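my_file.cif (mmCIF, C-alpha atoms (C1' of nucleotides)) appears below.
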```cif
data_entry
#
loop_
_atom_site.label_atom_id
_atom_site.label_comp_id
_atom_site.auth_asym_id
_atom_site.auth_seq_id
_atom_site.Cartn_x
_atom_site.Cartn_y
_atom_site.Cartn_z
CA MET S 288 -33.57 -4.26 -20.12
CA ASP S 289 -30.74 -5.23 -17.84
CA SER S 290 -31.00 -8.38 -15.81
CA THR S 291 -30.59 -7.94 -12.08
CA ARG S 292 -27.22 -9.58 -12.33
CA ASP S 293 -26.13 -7.06 -14.94
CA LYS S 294 -27.34 -4.18 -12.83
CA ILE S 295 -25.22 -5.44 -9.95
CA ILE S 296 -22.14 -5.81 -12.15
CA LYS S 297 -22.62 -2.31 -13.49
CA ALA S 298 -22.90 -0.84 -10.01
CA ALA S 299 -19.90 -2.82 -8.79
CA SER S 300 -17.79 -1.88 -11.81
CA SER S 301 -18.50 1.79 -11.44
CA LEU S 302 -17.63 1.83 -7.74
CA PHE S 303 -14.62 -0.47 -7.98
CA TYR S 304 -13.13 1.58 -10.79
CA LYS S 305 -13.79 4.86 -9.07
CA GLN S 306 -12.70 3.95 -5.55
CA GLY S 307 -10.79 0.68 -5.63
CA ILE S 308 -11.69 -2.74 -4.30
CA ARG S 309 -11.23 -2.72 -0.55
CA SER S 310 -12.65 0.73 -0.04
CA VAL S 311 -15.99 -0.25 -1.60
CA SER S 312 -18.39 -2.11 0.66
CA VAL S 313 -20.87 -4.68 -0.50
CA ASP S 314 -23.56 -2.51 1.08
CA ALA S 315 -22.56 0.38 -1.14
CA ILE S 316 -22.78 -1.79 -4.25
CA ALA S 317 -26.19 -3.11 -3.26
CA GLU S 318 -27.47 0.38 -2.63
CA LYS S 319 -26.17 1.65 -5.96
CA ALA S 320 -27.76 -1.32 -7.72
CA GLY S 321 -31.05 -0.52 -6.00
CA LEU S 322 -31.52 -3.67 -3.97
CA THR S 323 -30.65 -5.12 -0.59
CA LYS S 324 -27.40 -6.80 0.22
CA ARG S 325 -29.17 -10.09 0.74
CA SER S 326 -30.45 -9.99 -2.83
CA LEU S 327 -26.99 -9.28 -4.09
CA TYR S 328 -25.76 -12.35 -2.26
CA TYR S 329 -28.40 -14.35 -4.03
CA HIS S 330 -26.72 -13.59 -7.37
CA PHE S 331 -23.08 -13.62 -6.25
CA LYS S 332 -21.63 -15.88 -3.66
CA SER S 333 -19.03 -13.43 -2.33
CA LYS S 334 -17.37 -10.10 -2.83
CA ASP S 335 -14.48 -11.89 -4.53
CA ASP S 336 -16.96 -13.31 -6.99
CA LEU S 337 -18.07 -9.76 -7.73
CA ILE S 338 -14.51 -8.56 -8.28
CA GLU S 339 -13.98 -11.31 -10.80
CA ALA S 340 -17.19 -10.42 -12.65
CA TYR S 341 -16.09 -6.78 -12.71
CA LEU S 342 -12.84 -7.50 -14.53
CA LYS S 343 -14.27 -10.16 -16.81
CA GLY S 344 -16.88 -7.65 -17.89
CA ARG S 345 -14.25 -5.09 -18.85
CA ASP S 346 -12.23 -7.38 -21.11
CA LYS S 347 -14.12 -7.07 -24.38
CA PRO S 348 -15.16 -3.40 -24.15
CA ASN S 349 -11.58 -2.33 -23.51
CA LEU S 350 -10.18 -4.43 -26.34
CA ASP S 351 -12.88 -3.15 -28.69
CA THR S 352 -11.92 0.43 -27.90
CA PHE S 353 -8.26 -0.24 -28.73
CA GLU S 354 -9.34 -1.93 -31.93
CA LYS S 355 -11.46 1.04 -32.93
CA TRP S 356 -8.68 3.55 -32.21
CA TYR S 357 -6.21 1.48 -34.18
CA GLU S 358 -8.49 1.05 -37.19
CA GLU S 359 -9.56 4.65 -37.55
CA ALA S 360 -5.99 5.98 -37.36
CA GLU S 361 -4.16 7.01 -40.54
CA GLY S 362 -0.67 5.91 -41.53
CA ASP S 363 1.57 2.89 -41.05
CA ALA S 364 1.55 0.46 -38.12
CA GLY S 365 3.80 2.71 -36.06
CA GLN S 366 1.44 5.63 -36.41
CA LYS S 367 -1.59 3.47 -35.69
CA VAL S 368 -0.02 2.15 -32.49
CA ARG S 369 0.85 5.66 -31.48
CA ALA S 370 -2.76 6.71 -32.05
CA ILE S 371 -3.82 4.39 -29.23
CA PHE S 372 -1.69 6.38 -26.82
CA THR S 373 -2.94 9.69 -28.19
CA ASN S 374 -6.52 8.64 -27.61
CA LEU S 375 -5.65 7.38 -24.15
CA ALA S 376 -4.06 10.74 -23.34
CA ARG S 377 -7.36 12.40 -24.22
CA SER S 378 -9.24 10.01 -21.91
CA ALA S 379 -6.74 10.63 -19.14
CA ARG S 380 -7.55 14.32 -19.15
CA SER S 381 -11.01 13.56 -17.80
CA PRO S 382 -11.28 13.86 -14.02
CA ASN S 383 -13.13 10.52 -14.00
CA TRP S 384 -10.14 8.71 -15.41
CA LYS S 385 -8.51 6.52 -12.78
CA GLY S 386 -5.94 4.52 -14.69
CA CYS S 387 -6.29 0.87 -15.63
CA GLY S 388 -8.76 -1.10 -13.54
CA PHE S 389 -6.91 -4.34 -14.19
CA LEU S 390 -3.61 -2.96 -12.98
CA ARG S 391 -5.07 -1.25 -9.96
CA THR S 392 -6.91 -4.38 -8.93
CA SER S 393 -3.74 -6.41 -9.26
CA ALA S 394 -1.95 -3.91 -7.02
CA GLU S 395 -4.64 -4.24 -4.38
CA LEU S 396 -4.83 -8.01 -4.43
CA VAL S 397 -1.13 -8.77 -3.89
CA THR S 398 -2.00 -10.78 -0.82
CA MET S 399 -4.21 -13.11 -2.84
CA PRO S 400 -2.12 -14.73 -5.55
CA GLY S 401 -4.25 -16.98 -7.70
CA HIS S 402 -7.37 -14.89 -7.12
CA PRO S 403 -9.75 -15.46 -10.04
CA ALA S 404 -9.89 -11.74 -10.71
CA LEU S 405 -6.13 -11.73 -11.21
CA LYS S 406 -6.44 -14.54 -13.71
CA ALA S 407 -9.02 -12.51 -15.59
CA ALA S 408 -6.70 -9.50 -15.56
CA ASN S 409 -3.86 -11.61 -16.90
CA GLN S 410 -6.00 -12.99 -19.67
CA HIS S 411 -7.09 -9.52 -20.66
CA LYS S 412 -3.52 -8.28 -20.94
CA ALA S 413 -2.44 -11.42 -22.77
CA GLY S 414 -5.35 -10.88 -25.16
CA PHE S 415 -4.16 -7.36 -25.84
CA GLU S 416 -0.67 -8.58 -26.64
CA ARG S 417 -2.04 -11.24 -28.97
CA TRP S 418 -4.22 -8.73 -30.78
CA LEU S 419 -1.33 -6.31 -31.14
CA GLY S 420 1.01 -9.05 -32.34
CA ASP S 421 -1.46 -9.97 -35.08
CA ARG S 422 -1.74 -6.38 -36.31
CA LEU S 423 2.00 -5.90 -36.26
CA ALA S 424 2.65 -9.17 -38.08
CA SER S 425 0.19 -8.36 -40.86
CA ALA S 426 1.84 -4.94 -41.17
CA GLY S 427 5.08 -6.58 -42.26
CA ALA S 428 6.91 -6.62 -38.96
CA SER S 429 6.90 -10.38 -39.16
CA HIS S 430 7.88 -12.04 -35.89
CA PRO S 431 8.78 -8.80 -34.17
CA LYS S 432 10.63 -10.45 -31.31
CA GLY S 433 9.22 -9.04 -28.09
CA LEU S 434 7.69 -6.02 -29.78
CA PRO S 435 4.10 -6.51 -28.57
CA GLN S 436 5.45 -7.07 -25.07
CA GLN S 437 7.55 -3.93 -25.26
CA ILE S 438 4.56 -1.87 -26.31
CA ARG S 439 2.47 -3.40 -23.57
CA LEU S 440 5.16 -2.39 -21.10
CA LEU S 441 4.94 1.18 -22.33
CA LEU S 442 1.17 1.10 -22.16
CA ASP S 443 0.96 -0.26 -18.63
CA GLY S 444 3.79 2.06 -17.64
CA ALA S 445 1.85 5.02 -18.96
CA PHE S 446 -1.25 3.93 -17.03
CA SER S 447 0.72 3.76 -13.79
CA VAL S 448 2.75 6.91 -14.29
CA VAL S 449 -0.17 9.11 -15.30
CA LEU S 450 -2.25 7.76 -12.44
CA LEU S 451 0.45 8.92 -10.07
CA ASN S 452 1.47 12.27 -11.52
CA ARG S 453 -1.70 13.18 -13.40
CA ASP S 454 0.32 14.44 -16.34
CA PRO S 455 -1.14 12.97 -19.56
CA THR S 456 1.94 14.14 -21.44
CA TYR S 457 3.51 10.87 -20.35
CA MET S 458 0.90 9.05 -22.38
CA GLU S 459 2.16 10.89 -25.49
CA ILE S 460 5.78 10.20 -24.60
CA ALA S 461 4.95 6.51 -24.32
CA GLY S 462 3.27 6.73 -27.72
CA GLU S 463 6.39 8.23 -29.27
CA ALA S 464 8.56 5.52 -27.74
CA ALA S 465 6.19 2.85 -29.03
CA GLN S 466 6.34 4.31 -32.52
CA THR S 467 10.14 4.39 -32.35
CA LEU S 468 10.24 0.73 -31.37
CA VAL S 469 7.88 -0.29 -34.16
CA LYS S 470 9.95 1.65 -36.69
CA ALA S 471 13.17 0.08 -35.41
CA SER S 472 11.61 -3.36 -35.75
CA LEU S 473 10.44 -2.71 -39.32
CA ASN S 474 13.87 -1.42 -40.29
CA ALA S 475 15.56 -4.47 -38.80
CA VAL S 476 13.35 -6.67 -40.98
CA LYS S 477 14.12 -4.58 -44.07
CA VAL S 478 17.84 -4.79 -43.40
CA SER S 479 17.81 -8.54 -42.86
CA VAL S 480 15.80 -8.98 -46.08
CA ALA S 481 18.27 -6.80 -47.99
CA ASP S 482 21.27 -8.86 -46.82
CA MET F 19 19.62 1.46 18.53
CA ASP F 20 16.44 2.40 16.75
CA SER F 21 14.30 5.12 18.17
CA THR F 22 10.70 4.13 18.90
CA ARG F 23 9.65 6.18 15.92
CA ASP F 24 12.02 4.28 13.65
CA LYS F 25 10.78 0.96 14.95
CA ILE F 26 7.24 1.98 14.09
CA ILE F 27 8.22 3.08 10.60
CA LYS F 28 10.05 -0.18 10.02
CA ALA F 29 7.08 -2.23 11.14
CA ALA F 30 4.68 -0.14 9.04
CA SER F 31 6.91 -0.29 5.96
CA SER F 32 7.25 -4.03 6.13
CA LEU F 33 3.52 -4.58 6.49
CA PHE F 34 2.46 -1.94 3.96
CA TYR F 35 4.81 -3.30 1.34
CA LYS F 36 3.82 -6.90 1.96
CA GLN F 37 0.06 -6.44 2.20
CA GLY F 38 -0.90 -3.01 0.94
CA ILE F 39 -2.25 -0.01 2.77
CA ARG F 40 -5.90 -0.61 3.53
CA SER F 41 -5.48 -4.23 4.45
CA VAL F 42 -3.03 -3.39 7.23
CA SER F 43 -4.55 -2.21 10.51
CA VAL F 44 -2.92 0.21 12.90
CA ASP F 45 -3.25 -2.50 15.56
CA ALA F 46 -1.16 -4.86 13.45
CA ILE F 47 1.55 -2.24 13.02
CA ALA F 48 1.62 -1.50 16.75
CA GLU F 49 1.87 -5.18 17.57
CA LYS F 50 4.69 -5.73 15.09
CA ALA F 51 6.52 -2.70 16.52
CA GLY F 52 6.12 -4.16 20.01
CA LEU F 53 3.97 -1.48 21.60
CA THR F 54 0.37 -0.54 22.09
CA LYS F 55 -1.69 1.37 19.63
CA ARG F 56 -1.96 4.29 22.01
CA SER F 57 1.81 4.64 22.07
CA LEU F 58 1.91 4.53 18.30
CA TYR F 59 -0.57 7.40 18.20
CA TYR F 60 1.74 9.32 20.44
CA HIS F 61 4.37 9.32 17.70
CA PHE F 62 2.11 9.59 14.65
CA LYS F 63 -1.07 11.54 14.46
CA SER F 64 -2.87 9.28 12.02
CA LYS F 65 -2.55 6.29 9.75
CA ASP F 66 -2.17 8.69 6.82
CA ASP F 67 0.81 10.17 8.58
CA LEU F 68 2.28 6.69 8.81
CA ILE F 69 1.74 6.03 5.12
CA GLU F 70 3.60 9.21 4.27
CA ALA F 71 6.50 8.25 6.54
CA TYR F 72 6.61 4.84 4.89
CA LEU F 73 7.12 6.24 1.40
CA LYS F 74 9.43 9.05 2.46
CA GLY F 75 11.62 6.46 4.12
CA ARG F 76 11.91 4.45 0.94
CA ASP F 77 13.06 7.30 -1.29
CA LYS F 78 16.80 7.31 -0.62
CA PRO F 79 17.39 3.56 -0.19
CA ASN F 80 15.69 2.84 -3.51
CA LEU F 81 17.60 5.52 -5.37
CA ASP F 82 20.87 4.34 -3.83
CA THR F 83 20.24 0.82 -5.06
CA PHE F 84 19.68 2.04 -8.62
CA GLU F 85 22.83 4.12 -8.37
CA LYS F 86 24.84 1.12 -7.20
CA TRP F 87 23.54 -1.12 -9.98
CA TYR F 88 24.27 1.53 -12.57
CA GLU F 89 27.80 2.18 -11.35
CA GLU F 90 28.91 -1.40 -11.06
CA ALA F 91 27.69 -2.32 -14.55
CA GLU F 92 30.15 -2.57 -17.45
CA GLY F 93 29.77 -0.94 -20.84
CA ASP F 94 28.20 2.19 -22.28
CA ALA F 95 25.20 4.09 -20.92
CA GLY F 96 22.77 1.81 -22.74
CA GLN F 97 24.24 -1.28 -21.12
CA LYS F 98 24.32 0.38 -17.70
CA VAL F 99 20.67 1.30 -17.93
CA ARG F 100 19.85 -2.21 -19.01
CA ALA F 101 21.74 -3.54 -15.98
CA ILE F 102 19.20 -1.88 -13.71
CA PHE F 103 16.46 -3.98 -15.27
CA THR F 104 18.54 -7.13 -15.09
CA ASN F 105 19.10 -6.63 -11.37
CA LEU F 106 15.43 -5.87 -10.90
CA ALA F 107 14.56 -9.10 -12.67
CA ARG F 108 16.66 -10.97 -10.15
CA SER F 109 14.89 -9.24 -7.26
CA ALA F 110 11.53 -10.01 -8.80
CA ARG F 111 12.22 -13.72 -8.66
CA SER F 112 12.08 -13.62 -4.87
CA PRO F 113 8.67 -14.57 -3.46
CA ASN F 114 8.88 -11.53 -1.17
CA TRP F 115 8.97 -9.16 -4.11
CA LYS F 116 5.70 -7.26 -4.45
CA GLY F 117 6.39 -4.68 -7.12
CA CYS F 118 6.93 -0.99 -6.48
CA GLY F 119 5.58 0.29 -3.17
CA PHE F 120 5.18 3.80 -4.56
CA LEU F 121 3.10 2.62 -7.50
CA ARG F 122 0.99 0.27 -5.44
CA THR F 123 0.27 2.94 -2.89
CA SER F 124 -0.72 5.36 -5.61
CA ALA F 125 -3.13 2.76 -6.99
CA GLU F 126 -4.73 2.30 -3.59
CA LEU F 127 -5.07 5.98 -2.80
CA VAL F 128 -6.91 7.06 -5.95
CA THR F 129 -9.73 8.42 -3.84
CA MET F 130 -7.37 10.78 -2.03
CA PRO F 131 -5.74 13.08 -4.57
CA GLY F 132 -3.26 15.37 -2.88
CA HIS F 133 -2.51 12.87 -0.13
CA PRO F 134 0.97 13.64 1.27
CA ALA F 135 2.08 10.08 0.56
CA LEU F 136 1.26 10.60 -3.10
CA LYS F 137 3.37 13.73 -3.16
CA ALA F 138 6.24 11.76 -1.68
CA ALA F 139 5.78 9.09 -4.34
CA ASN F 140 5.82 11.71 -7.06
CA GLN F 141 8.96 13.26 -5.71
CA HIS F 142 10.67 9.90 -5.60
CA LYS F 143 9.86 9.16 -9.22
CA ALA F 144 10.84 12.66 -10.30
CA GLY F 145 14.11 12.20 -8.44
CA PHE F 146 14.76 9.00 -10.34
CA GLU F 147 14.18 10.74 -13.67
CA ARG F 148 16.48 13.58 -12.70
CA TRP F 149 19.22 11.19 -11.64
CA LEU F 150 18.86 9.20 -14.85
CA GLY F 151 18.85 12.36 -16.97
CA ASP F 152 22.13 13.45 -15.41
CA ARG F 153 23.79 10.11 -16.12
CA LEU F 154 22.54 10.07 -19.69
CA ALA F 155 23.63 13.65 -20.32
CA SER F 156 27.16 13.03 -19.06
CA ALA F 157 27.30 9.93 -21.27
CA GLY F 158 26.98 12.08 -24.36
CA ALA F 159 23.27 11.81 -25.00
CA SER F 160 23.02 15.52 -24.38
CA HIS F 161 19.44 16.69 -23.95
CA PRO F 162 17.92 13.39 -24.93
CA LYS F 163 14.40 14.73 -25.41
CA GLY F 164 12.08 12.61 -23.30
CA LEU F 165 14.54 9.78 -22.90
CA PRO F 166 14.58 9.60 -19.08
CA GLN F 167 10.80 9.74 -19.14
CA GLN F 168 10.63 6.95 -21.69
CA ILE F 169 12.88 4.76 -19.58
CA ARG F 170 10.86 5.54 -16.49
CA LEU F 171 7.76 4.46 -18.39
CA LEU F 172 9.42 1.14 -19.17
CA LEU F 173 10.52 0.75 -15.57
CA ASP F 174 7.14 1.46 -14.03
CA GLY F 175 5.53 -0.63 -16.75
CA ALA F 176 7.77 -3.54 -15.84
CA PHE F 177 6.89 -3.16 -12.16
CA SER F 178 3.19 -3.30 -12.95
CA VAL F 179 3.34 -6.07 -15.52
CA VAL F 180 5.53 -8.39 -13.48
CA LEU F 181 3.42 -7.79 -10.39
CA LEU F 182 0.43 -9.00 -12.37
CA ASN F 183 1.82 -11.92 -14.34
CA ARG F 184 4.76 -12.88 -12.12
CA ASP F 185 6.96 -13.38 -15.15
CA PRO F 186 10.30 -11.56 -14.57
CA THR F 187 11.13 -12.06 -18.24
CA TYR F 188 9.20 -8.84 -18.82
CA MET F 189 11.76 -7.04 -16.73
CA GLU F 190 14.45 -8.16 -19.19
CA ILE F 191 12.32 -7.21 -22.17
CA ALA F 192 11.89 -3.74 -20.71
CA GLY F 193 15.65 -3.59 -20.25
CA GLU F 194 16.21 -4.42 -23.92
CA ALA F 195 13.73 -1.78 -25.00
CA ALA F 196 15.41 0.78 -22.76
CA GLN F 197 18.80 -0.04 -24.25
CA THR F 198 17.35 0.29 -27.75
CA LEU F 199 15.96 3.72 -26.93
CA VAL F 200 19.26 4.92 -25.46
CA LYS F 201 21.12 3.69 -28.52
CA ALA F 202 18.63 5.39 -30.87
CA SER F 203 19.04 8.62 -28.92
CA LEU F 204 22.85 8.49 -29.10
CA ASN F 205 22.71 7.81 -32.85
CA ALA F 206 20.32 10.72 -33.39
CA VAL F 207 22.82 13.01 -31.68
CA LYS F 208 25.67 11.63 -33.80
CA VAL F 209 23.68 12.14 -36.98
CA SER F 210 22.66 15.69 -36.12
CA VAL F 211 26.29 16.50 -35.27
CA ALA F 212 27.46 15.02 -38.59
CA ASP F 213 25.01 17.13 -40.61
"C1'" DC V 174 6.66 19.55 39.51
"C1'" DG V 175 6.36 18.89 34.57
"C1'" DT V 176 7.47 16.64 30.42
"C1'" DT V 177 7.69 12.38 27.79
"C1'" DG V 178 6.15 8.08 26.86
"C1'" DT V 179 3.54 3.91 27.75
"C1'" DA V 180 -0.63 0.93 29.08
"C1'" DT V 181 -5.58 -0.55 29.66
"C1'" DA V 182 -9.85 -0.16 28.15
"C1'" DC V 183 -13.09 1.65 25.43
"C1'" DC V 184 -16.00 4.18 21.48
"C1'" DG V 185 -19.06 4.54 17.48
"C1'" DA V 186 -19.01 3.31 12.86
"C1'" DC V 187 -18.50 0.00 9.68
"C1'" DT V 188 -17.38 -4.89 7.68
"C1'" DA V 189 -18.68 -9.37 5.01
"C1'" DG V 190 -21.79 -12.57 5.28
"C1'" DT V 191 -26.37 -15.23 6.91
"C1'" DG V 192 -31.21 -17.06 8.72
"C1'" DA V 193 -35.73 -17.06 7.94
"C1'" DA V 194 -39.68 -15.30 6.03
"C1'" DT V 195 -41.94 -13.75 1.89
"C1'" DA V 196 -43.21 -12.11 -2.72
"C1'" DT V 197 -43.58 -13.32 -7.70
"C1'" DA V 198 -44.11 -16.14 -11.76
"C1'" DC V 199 -45.44 -19.99 -13.92
"C1'" DA V 200 -46.20 -25.01 -14.41
"C1'" DG V 201 -49.54 -28.94 -13.93
"C1'" DT V 202 -54.05 -30.36 -12.71
"C1'" DA V 203 -58.97 -30.79 -11.17
"C1'" DT H 212 -61.21 -21.08 -14.32
"C1'" DA H 213 -59.37 -21.95 -9.83
"C1'" DC H 214 -56.04 -24.37 -6.98
"C1'" DT H 215 -51.57 -26.04 -5.86
"C1'" DG H 216 -46.56 -27.04 -6.13
"C1'" DT H 217 -42.13 -25.28 -7.08
"C1'" DA H 218 -38.24 -22.48 -8.43
"C1'" DT H 219 -36.78 -17.83 -8.58
"C1'" DA H 220 -36.00 -13.60 -6.41
"C1'" DT H 221 -36.32 -10.36 -2.78
"C1'" DT H 222 -36.71 -8.31 2.01
"C1'" DC H 223 -35.63 -7.32 7.16
"C1'" DA H 224 -33.02 -8.17 10.90
"C1'" DC H 225 -29.08 -9.98 12.61
"C1'" DT H 226 -24.19 -11.94 13.76
"C1'" DA H 227 -19.52 -11.72 14.97
"C1'" DG H 228 -15.86 -9.24 14.21
"C1'" DT H 229 -12.68 -5.19 12.67
"C1'" DC H 230 -11.74 -0.40 11.93
"C1'" DG H 231 -9.27 4.21 13.20
"C1'" DG H 232 -9.01 6.82 16.93
"C1'" DT H 233 -9.37 8.36 22.03
"C1'" DA H 234 -10.22 9.10 27.39
"C1'" DT H 235 -7.92 8.24 31.29
"C1'" DA H 236 -4.34 6.84 34.14
"C1'" DC H 237 0.21 6.32 35.54
"C1'" DA H 238 5.25 5.60 35.52
"C1'" DA H 239 9.93 7.23 34.63
"C1'" DC H 240 12.98 10.89 34.75
"C1'" DG H 241 15.09 15.61 34.90
#
```
Will you turn the file into structure tokens for me?
Amino acid sequence: MDSTRDKIIKAASSLFYKQGIRSVSVDAIAEKAGLTKRSLYYHFKSKDDLIEAYLKGRDKPNLDTFEKWYEEAEGDAGQKVRAIFTNLARSARSPNWKGCGFLRTSAELVTMPGHPALKAANQHKAGFERWLGDRLASAGASHPKGLPQQIRLLLDGAFSVVLLNRDPTYMEIAGEAAQTLVKASLNAVKVSVAD
Amino acid sequence: MDSTRDKIIKAASSLFYKQGIRSVSVDAIAEKAGLTKRSLYYHFKSKDDLIEAYLKGRDKPNLDTFEKWYEEAEGDAGQKVRAIFTNLARSARSPNWKGCGFLRTSAELVTMPGHPALKAANQHKAGFERWLGDRLASAGASHPKGLPQQIRLLLDGAFSVVLLNRDPTYMEIAGEAAQTLVKASLNAVKVSVAD
DNA sequence: CGTTGTATACCGACTAGTGAATATACAGTA
DNA sequence: TACTGTATATTCACTAGTCGGTATACAACG
């Protein structure tokens, strides 16, 4: 039993992800949600408000998916990180896959720095880094200087590259690189402990 | 002495890069180019045509800049690759910097797979990988399996991340990671030769 | 005379957002 | 039980403006 507000967010999210922000009209969202535009404007004060709600609503589900992929993977931290990319590669093979909604929205809203949706996108990505840093730290790679950021760079790079060339192989390549970096970081710790 | 066509491409490129594709009207481009819309449509058959010309026009200049940065850097291949990211970090500190036009365009045109502009973007990125692969190969990292792709992933990742969070530090972090990967690849070759 | 290029003026479709009326649900009260 | 007040939620019809693209005309030039 979705509230009306939830129905609107669902409709908006689906359309925004599929087609982008500017190319989706408020009319289209209202129609998909099964109500008139005027009703939509009763629940949201503007289209910008809707964009923000879209990204805020994707934060937890996305993070939960990463968490699940990481947990159910076998092996050491490097292999578990790599598993995220492997799973993403599988997703990317679906024709419905359209890259990362956060990144695409940020590309479209360059003219609006400070837009609340961009803040939400930033918080989501920062949350991912924090989560990854925690996992890595508890795996022994204590204080892996810049490692979560490096992996995030590979992840967001893979999103962008595969969106452009539609070759999910790049997702696997990014996964290999991420595993290499984790391994290098663990070795560095081992060496410094041995000294 | 720019031809009318060149003036139009310049105006379009400037506006597209600054504001994105959909948010720029053909009227605005015509005005910036100093002619009427009807004249613009004499030289280009559609806005899509203009988008394609925009990206095609950016291919060589961008590649040349990378080439220059690589050549003028000191040190081994790893350090030269890293220099590209360092230079990019400097660019990214300018308020006019708006990420990678190819990537942003690809994010905006998700609904138009096969769009000629997307093909141009793909060719540009493939050209970058080829160029990088050549440099790496002649530096001794012969057939560095997936290395140019990995570095491209870091590069495009850095474009996307810095566009979102406006923190050029990530450009440097990507540069470090790229250097690490080059070094690891060179070592792997050394080891396999020693065996 | 014909080709190339420019200008004015316009088209139909679509845009985000709003004014004003109305339907629905539920509280207090006689 | 029946009436009334009020907040919530929804609808239709509309505004004022923008969009990509075009019909028509005409000027310059070889």
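Near chain F, within 6 Å and using all atoms listed in the file, the residues of chain S are Gln306, Arg391, Ser393, Ala394, Thr398, Leu440, Leu441, Asp443, Gly444, Ala445 and Leu451 of chain S.
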- Message: Based on only C-alpha atoms (C1' of nucleotides), which of the residues in chain V come within 12 Å of chain S? I want them as a list in words.
- Response: DC187, DT188, DA189, DG190, DT191, DG192 and DA193 of chain V
- Message: For this structure, which residues satisfy the selection - the PyMOL selection byres ((chain S) within 10 of (chain H)) - when it is evaluated on the file as given? I want them as a ChimeraX atom specification.
- Response: /S:291,322-327,329-330
Calculate, to one decimal in Å, the centre and edge lengths of the box along x, y and z of the file that holds all listed atoms of stretch 451-461 of chain S with 8 Å of margin on each side, and present them as lines of an AutoDock Vina configuration file.
```
center_x = 2.0
center_y = 10.5
center_z = -17.8
size_x = 23.5
size_y = 23.9
size_z = 31.4
```
- Residues in the PyMOL selection byres ((chain F and resi 66-72) around 6), expressed as a PyMOL selection string: chain F and resi 31+64-65+73-75+134-135
Expansion of the PyMOL selection byres ((chain F and resi 105-108) around 8) into residues, as a PDB file with C-alpha atoms, keeping the file's coordinate frame:
```
ATOM      1  CA  TRP F  87      23.540  -1.120  -9.980  1.00  0.00           C
ATOM      2  CA  ALA F 101      21.740  -3.540 -15.980  1.00  0.00           C
ATOM      3  CA  ILE F 102      19.200  -1.880 -13.710  1.00  0.00           C
ATOM      4  CA  PHE F 103      16.460  -3.980 -15.270  1.00  0.00           C
ATOM      5  CA  THR F 104      18.540  -7.130 -15.090  1.00  0.00           C
ATOM      6  CA  SER F 109      14.890  -9.240  -7.260  1.00  0.00           C
ATOM      7  CA  ALA F 110      11.530 -10.010  -8.800  1.00  0.00           C
ATOM      8  CA  ARG F 111      12.220 -13.720  -8.660  1.00  0.00           C
ATOM      9  CA  SER F 112      12.080 -13.620  -4.870  1.00  0.00           C
ATOM     10  CA  PRO F 186      10.300 -11.560 -14.570  1.00  0.00           C
ATOM     11  CA  THR F 187      11.130 -12.060 -18.240  1.00  0.00           C
ATOM     12  CA  MET F 189      11.760  -7.040 -16.730  1.00  0.00           C
ATOM     13  CA  GLU F 190      14.450  -8.160 -19.190  1.00  0.00           C
TER      14      GLU F 190
END
```
